[in-house]
$ cat coords_2.txt   # compact mmCIF, C-alpha atoms
# COMPACT_ATOMS: atom_id res chain seq x y z
CA MET A 785 5.63 2.16 -26.17
CA LEU A 786 7.84 -0.66 -24.96
CA SER A 787 6.18 -3.75 -26.41
CA ARG A 788 5.11 -4.10 -30.01
CA GLY A 789 1.45 -4.82 -30.57
CA LYS A 790 0.34 -4.47 -26.96
CA GLU A 791 -1.07 -1.38 -25.31
CA PRO A 792 0.31 -0.90 -21.80
CA LEU A 793 -2.05 -0.68 -18.84
CA ALA A 794 0.12 2.14 -17.46
CA VAL A 795 3.37 3.96 -18.25
CA PHE A 796 5.55 5.42 -15.50
CA PRO A 797 8.27 7.93 -16.45
CA VAL A 798 10.86 8.24 -13.67
CA ASN A 799 13.40 11.08 -13.47
CA GLY A 800 13.64 11.34 -17.26
CA LYS A 801 15.98 8.35 -17.00
CA TYR A 802 13.55 5.41 -16.94
CA VAL A 803 10.27 4.48 -18.53
CA LEU A 804 8.42 1.57 -16.97
CA ALA A 805 5.37 0.12 -18.71
CA VAL A 806 2.94 -2.33 -17.14
CA TYR A 807 1.11 -4.82 -19.34
CA LYS A 808 -1.39 -7.57 -18.65
CA GLY A 809 0.57 -10.73 -17.96
CA LYS A 810 -0.36 -14.35 -18.70
CA ILE A 811 0.26 -16.20 -15.42
CA SER A 812 -3.04 -15.26 -13.77
CA GLU A 813 -6.09 -13.13 -14.52
CA PHE A 814 -4.59 -10.02 -12.93
CA ASP A 815 -0.91 -10.77 -13.56
CA LEU A 816 1.26 -7.75 -14.29
CA LEU A 817 4.09 -7.83 -16.80
CA LEU A 818 6.70 -5.10 -16.26
CA LYS A 819 9.02 -3.81 -18.97
CA TYR A 820 11.34 -0.85 -18.85
CA ARG A 821 13.90 1.17 -20.73
CA GLN A 822 16.71 3.19 -19.28
CA ARG A 823 18.26 6.33 -20.77
CA ASP A 824 21.44 5.29 -22.59
CA ASP A 825 23.19 8.07 -24.49
CA SER A 826 25.58 5.59 -26.10
CA LYS A 827 22.67 4.14 -28.12
CA LYS A 828 21.39 5.78 -31.28
CA SER A 829 17.85 5.81 -29.90
CA GLY A 830 19.06 7.21 -26.57
CA TRP A 831 17.46 4.27 -24.72
CA SER A 832 18.51 0.79 -23.58
CA ASN A 833 16.96 -2.34 -24.97
CA ILE A 834 13.59 -3.25 -23.50
CA ARG A 835 14.08 -5.18 -20.27
CA THR A 836 11.89 -7.11 -17.88
CA PRO A 837 12.98 -6.32 -14.31
CA LYS A 838 13.89 -9.38 -12.30
CA HIS A 839 14.50 -9.86 -8.61
CA ILE A 840 18.22 -10.23 -9.30
CA HIS A 841 18.34 -6.75 -10.90
CA TRP A 842 17.07 -4.90 -7.85
CA ALA A 843 18.99 -7.23 -5.48
CA VAL A 844 22.32 -6.38 -7.14
CA ASP A 845 21.42 -2.71 -7.00
CA VAL A 846 20.63 -3.00 -3.28
CA LEU A 847 24.02 -4.65 -2.75
CA LEU A 848 25.69 -1.70 -4.47
CA LYS A 849 23.74 0.71 -2.28
CA MET A 850 24.63 -1.41 0.79
CA HIS A 851 28.32 -1.06 -0.06
CA SER A 852 27.92 2.70 -0.21
CA ASN A 853 25.71 3.25 2.86
CA GLU A 854 24.85 0.13 4.86
CA GLU A 855 22.77 1.83 7.55
CA GLU A 856 20.55 3.74 5.10
CA THR A 857 20.17 0.68 2.87
CA LYS A 858 19.08 -1.48 5.80
CA ARG A 859 16.54 1.21 6.69
CA PHE A 860 15.35 1.04 3.08
CA LEU A 861 15.06 -2.76 3.34
CA ASP A 862 13.05 -2.33 6.56
CA PHE A 863 10.71 -0.08 4.57
CA LEU A 864 10.35 -2.75 1.85
CA THR A 865 9.61 -5.35 4.55
CA MET A 866 6.87 -3.12 5.94
CA VAL A 867 5.42 -2.66 2.44
CA TRP A 868 5.47 -6.44 1.89
CA ASP A 869 3.91 -7.22 5.27
CA THR A 870 1.27 -4.50 5.52
CA GLN A 871 0.56 -2.92 2.13
CA THR A 872 1.01 -5.61 -0.50
CA VAL A 873 -2.15 -7.49 -1.35
CA PRO A 874 -2.97 -9.56 -4.42
CA LEU A 875 -5.02 -7.99 -7.16
CA ARG A 876 -8.43 -9.66 -7.45
CA THR A 877 -10.50 -7.19 -9.45
CA GLU A 878 -10.14 -4.85 -12.40
CA VAL A 879 -10.92 -1.91 -10.09
CA GLU A 880 -7.99 -2.89 -7.80
CA ARG A 881 -5.68 -3.08 -10.80
CA ARG A 882 -6.82 0.31 -12.11
CA ASN A 883 -6.35 1.87 -8.66
CA LEU A 884 -2.86 0.36 -8.35
CA LEU A 885 -1.85 1.63 -11.78
CA ASP A 886 -2.99 5.22 -11.20
CA VAL A 887 0.24 6.76 -12.53
CA ASP A 888 -0.04 10.15 -10.82
CA ARG A 889 -0.93 8.65 -7.43
CA LEU A 890 1.74 5.95 -7.48
CA LEU A 891 4.49 8.31 -8.69
CA THR A 892 3.53 10.82 -5.99
CA GLU A 893 3.80 8.08 -3.34
CA VAL A 894 7.16 6.93 -4.73
CA ASN A 895 8.52 10.50 -4.79
CA ILE A 896 7.52 11.02 -1.15
CA GLU A 897 8.98 7.67 -0.05
CA ALA A 898 12.23 8.36 -1.92
CA LEU A 899 12.82 11.49 0.18
CA ASN A 900 13.56 9.17 3.11
CA TYR A 901 16.53 7.66 1.26
CA GLU A 902 18.13 10.63 -0.48
CA SER A 903 21.66 9.46 0.29
CA LEU A 904 20.97 6.36 -1.84
CA ALA A 905 19.49 8.30 -4.76
CA ASP A 906 22.60 8.26 -6.93
CA LYS A 907 24.19 5.03 -5.67
CA GLY A 908 24.04 1.84 -7.72
CA GLU A 909 22.53 1.45 -11.15
CA TYR A 910 18.94 2.46 -10.41
CA SER A 911 17.60 5.63 -8.84
CA ILE A 912 15.92 5.07 -5.49
CA LYS A 913 12.61 6.21 -7.03
CA PHE A 914 12.82 3.61 -9.77
CA LEU A 915 13.84 0.93 -7.27
CA ILE A 916 10.84 1.69 -5.03
CA LEU A 917 8.51 1.62 -8.03
CA ILE A 918 9.70 -1.71 -9.42
CA ALA A 919 9.89 -3.24 -5.92
CA ARG A 920 6.27 -2.29 -5.18
CA LEU A 921 5.06 -3.62 -8.52
CA LEU A 922 7.11 -6.84 -8.31
CA MET A 923 5.70 -7.50 -4.83
CA ILE A 924 2.14 -7.13 -6.05
CA GLN A 925 2.90 -9.23 -9.12
CA GLU A 926 4.29 -12.01 -6.93
CA LYS A 927 1.38 -12.01 -4.45
CA THR A 928 -1.19 -11.77 -7.25
CA ASN A 929 0.17 -14.86 -8.96
CA MET A 930 0.56 -16.83 -5.72
CA GLU A 931 -0.83 -15.33 -2.53
CA THR A 932 1.45 -17.49 -0.36
CA ALA A 933 4.57 -16.38 -2.24
CA PHE A 934 7.61 -15.49 -0.17
CA MET A 935 10.55 -15.02 -2.54
CA PHE A 936 10.57 -11.22 -2.38
CA LYS A 937 10.41 -11.23 1.42
CA GLN A 938 13.02 -13.97 1.64
CA LEU A 939 15.34 -11.93 -0.58
CA ILE A 940 14.84 -8.78 1.52
CA ASP A 941 15.63 -10.78 4.67
CA ALA A 942 18.77 -12.29 3.10
CA LEU A 943 20.00 -8.84 2.05
CA LYS A 944 19.34 -7.36 5.51
CA ALA A 945 21.10 -10.28 7.19
CA GLY A 946 24.18 -9.85 5.01
CA GLN A 947 23.92 -13.36 3.57
CA ASP A 948 26.72 -14.37 1.24
CA ILE A 949 26.41 -13.44 -2.43
CA PHE A 950 25.74 -17.02 -3.51
CA LYS A 951 22.72 -17.34 -1.19
CA ILE A 952 21.34 -13.99 -2.40
CA ILE A 953 21.77 -14.97 -6.07
CA SER A 954 20.17 -18.35 -5.40
CA ILE A 955 17.09 -16.72 -3.85
CA ALA A 956 16.84 -14.00 -6.50
CA THR A 957 17.05 -16.39 -9.45
CA HIS A 958 14.90 -19.23 -8.06
CA ARG A 959 12.04 -20.19 -10.38
$ encode --input "coords_2.txt" --output "C-alpha cells"
Amino acid sequence: MLSRGKEPLAVFPVNGKYVLAVYKGKISEFDLLLKYRQRDDSKKSGWSNIRTPKHIHWAVDVLLKMHSNEEETKRFLDFLTMVWDTQTVPLRTEVERRNLLDVDRLLTEVNIEALNYESLADKGEYSIKFLILIARLLMIQEKTNMETAFMFKQLIDALKAGQDIFKIISIATHR
C-alpha cells in the first residue's frame, strides 16, 4: 500500500483525500510506524510522496487553524489534552494493538469527534478528521515507546499558551 515489502497492520482512508497506513515499528515491541499519502492532483499518480507524520507537521497545521479561528482551535487543543491525559495508554499486548487499529471503530470515533470542530475542517493543510487520527496515533506511539514521554503534551501546552514560533518548533522537532 504505502511501504514496499511490508504489509500494514491497518489502513485508514480519510475523506478520499488521505490514506494513512500503520506498520509495526522497530523502537519497541508494540511500536507503531505511521505513513500517509495525500491526494495531489498535480502528480501523475494523483497522490503525494509517502510521508511519515511528525509532530512538526500537525503543529504547523494547528498554527494555521489557530490563525483562522483561535477560540475553536484552543477548544480542539483542550480536547487533545483530555485525550492525552485520560485516554492515551501505552500498548502492551497484541490484543490492545488490534483493538486500537480497528479501522471502522477508530474512523467512527474520529468522525464523531470532528463534528465538534467543523469550523476548522477546511482550515490549514490537513482536514480536522485526519489531524485527530494522526494525533491519536502519535500519542499512543509516543507513550508506547516511553510511558513517561511528554513531548506531545508539552507541544499542546505550548500551542495553547501561544508560545513563540521558535519555542514551538524546538519542542516539535526535539529528538
$ residues_around --input "coords_2.txt" --residues "Leu848 in chain A" --least-positions-apart "6" --cutoff "9 Å" --atoms "only C-alpha atoms" --output "PDB file with C-alpha atoms, in the coordinates of the input"
ATOM      1  CA  LYS A 907      24.190   5.030  -5.670  1.00  0.00           C
ATOM      2  CA  GLY A 908      24.040   1.840  -7.720  1.00  0.00           C
ATOM      3  CA  GLU A 909      22.530   1.450 -11.150  1.00  0.00           C
TER       4      GLU A 909
END
$ closest_residue --input "coords_2.txt" --among "A:Asp948, A:Lys819, A:Ser812, A:Gln925" --to "Lys790 in chain A" --atoms "all atoms listed in the file"
A:Lys819
$ closest_residue --input "coords_2.txt" --among "A:Thr857, A:Leu817, A:Ala956, A:Pro837" --to "Glu902 in chain A" --atoms "only C-alpha atoms"
A:Thr857
$ closest_atom_pairs --input "coords_2.txt" --of "range 901-930 of chain A" --to "range 870-890 of chain A" --cutoff "9 Å" --atoms "all atoms listed in the file" --output "tab-separated table"
residue	atom	partner	partner_atom	distance
A:Leu917	CA	A:Leu890	CA	8.1
A:Arg920	CA	A:Thr872	CA	7.8
A:Leu921	CA	A:Leu884	CA	8.9
A:Met923	CA	A:Thr872	CA	6.7
A:Ile924	CA	A:Thr872	CA	5.9
A:Gln925	CA	A:Pro874	CA	7.5
A:Glu926	CA	A:Pro874	CA	8.1
A:Lys927	CA	A:Pro874	CA	5.0
A:Thr928	CA	A:Pro874	CA	4.0
A:Asn929	CA	A:Pro874	CA	7.7
A:Met930	CA	A:Pro874	CA	8.2
$ write_last_selection --input "coords_2.txt" --atoms "C-alpha atoms" --output "CSV table (one decimal), in the frame of the given file"
chain,number,residue,atom,x,y,z
A,917,LEU,CA,8.5,1.6,-8.0
A,920,ARG,CA,6.3,-2.3,-5.2
A,921,LEU,CA,5.1,-3.6,-8.5
A,923,MET,CA,5.7,-7.5,-4.8
A,924,ILE,CA,2.1,-7.1,-6.0
A,925,GLN,CA,2.9,-9.2,-9.1
A,926,GLU,CA,4.3,-12.0,-6.9
A,927,LYS,CA,1.4,-12.0,-4.4
A,928,THR,CA,-1.2,-11.8,-7.2
A,929,ASN,CA,0.2,-14.9,-9.0
A,930,MET,CA,0.6,-16.8,-5.7
$ atom_distance --input "coords_2.txt" --atom1 "CA of Ile949 in chain A" --atom2 "CA of Ile840 in chain A"
11.2 Å
$ closest_residue --input "coords_2.txt" --among "A:Val867, A:Ala843, A:Leu899, A:Ile834" --to "Ile912 in chain A" --atoms "only C-alpha atoms"
A:Leu899
$ closest_residue --input "coords_2.txt" --among "A:Ser903, A:His839, A:Ser829, A:Trp868" --to "Glu854 in chain A" --atoms "only C-alpha atoms"
A:Ser903
$ closest_residue --input "coords_2.txt" --among "A:Val846, A:Leu793, A:Leu922, A:Val803" --to "Ala905 in chain A" --atoms "only C-alpha atoms"
A:Val846
$ atom_distance --input "coords_2.txt" --atom1 "CA of Ile953 in chain A" --atom2 "CA of Glu897 in chain A"
26.7 Å
$ residues_around --input "coords_2.txt" --residues "Leu891 in chain A" --least-positions-apart "5" --cutoff "9 Å" --atoms "only C-alpha atoms" --output "NGL selection string"
:A and (796-798 or 886 or 896 or 913 or 917)
$ closest_residue --input "coords_2.txt" --among "A:Asn799, A:Thr865, A:Ser911, A:Thr892" --to "Lys849 in chain A" --atoms "all atoms listed in the file"
A:Ser911
$ atom_distance --input "coords_2.txt" --atom1 "CA of Val806 in chain A" --atom2 "CA of Phe860 in chain A"
24.0 Å
$ residues_around --input "coords_2.txt" --residues "range 861-863 of chain A" --least-positions-apart "5" --cutoff "9 Å" --atoms "only C-alpha atoms" --output "PyMOL selection string"
chain A and resi 846+856+868+940-941+943-944
$ decode --input "coords_2.txt" --residues "range 927-946 of chain A" --atoms "N, CA and C atoms" --output "short mmCIF file (atom, residue, chain, number, x, y, z; two decimals), in the first residue's frame"
data_model
loop_
_atom_site.label_atom_id
_atom_site.label_comp_id
_atom_site.auth_asym_id
_atom_site.auth_seq_id
_atom_site.Cartn_x
_atom_site.Cartn_y
_atom_site.Cartn_z
N LYS A 927 3.66 7.20 23.87
CA LYS A 927 3.54 6.56 25.20
C LYS A 927 3.93 5.09 25.17
N THR A 928 3.73 4.42 24.04
CA THR A 928 4.13 3.02 23.92
C THR A 928 5.64 2.89 23.97
N ASN A 929 6.33 3.80 23.33
CA ASN A 929 7.79 3.72 23.26
C ASN A 929 8.47 4.23 24.52
N MET A 930 7.79 5.12 25.25
CA MET A 930 8.32 5.61 26.53
C MET A 930 7.14 6.13 27.34
N GLU A 931 6.72 5.34 28.30
CA GLU A 931 5.50 5.64 29.06
C GLU A 931 5.54 7.00 29.74
N THR A 932 6.73 7.47 30.09
CA THR A 932 6.87 8.77 30.75
C THR A 932 7.05 9.92 29.76
N ALA A 933 6.84 9.66 28.49
CA ALA A 933 7.01 10.68 27.46
C ALA A 933 6.11 11.88 27.74
N PHE A 934 6.53 13.04 27.23
CA PHE A 934 5.75 14.26 27.48
C PHE A 934 5.78 15.23 26.31
N MET A 935 6.47 14.88 25.23
CA MET A 935 6.65 15.83 24.13
C MET A 935 5.32 16.27 23.53
N PHE A 936 4.43 15.32 23.28
CA PHE A 936 3.15 15.66 22.67
C PHE A 936 2.39 16.64 23.57
N LYS A 937 2.31 16.31 24.85
CA LYS A 937 1.60 17.17 25.81
C LYS A 937 2.28 18.53 25.91
N GLN A 938 3.58 18.54 25.95
CA GLN A 938 4.33 19.80 26.03
C GLN A 938 4.05 20.67 24.80
N LEU A 939 3.95 20.05 23.65
CA LEU A 939 3.66 20.78 22.41
C LEU A 939 2.23 21.34 22.42
N ILE A 940 1.27 20.54 22.88
CA ILE A 940 -0.10 21.03 23.00
C ILE A 940 -0.14 22.24 23.92
N ASP A 941 0.53 22.13 25.07
CA ASP A 941 0.54 23.23 26.04
C ASP A 941 1.18 24.50 25.45
N ALA A 942 2.26 24.32 24.70
CA ALA A 942 2.93 25.48 24.08
C ALA A 942 2.02 26.15 23.04
N LEU A 943 1.31 25.34 22.27
CA LEU A 943 0.39 25.90 21.28
C LEU A 943 -0.76 26.64 21.96
N LYS A 944 -1.33 26.04 23.00
CA LYS A 944 -2.43 26.70 23.73
C LYS A 944 -1.99 28.00 24.37
N ALA A 945 -0.76 28.02 24.87
CA ALA A 945 -0.25 29.21 25.56
C ALA A 945 0.19 30.31 24.60
N GLY A 946 0.21 29.99 23.31
CA GLY A 946 0.63 31.00 22.33
C GLY A 946 2.12 31.27 22.39
#
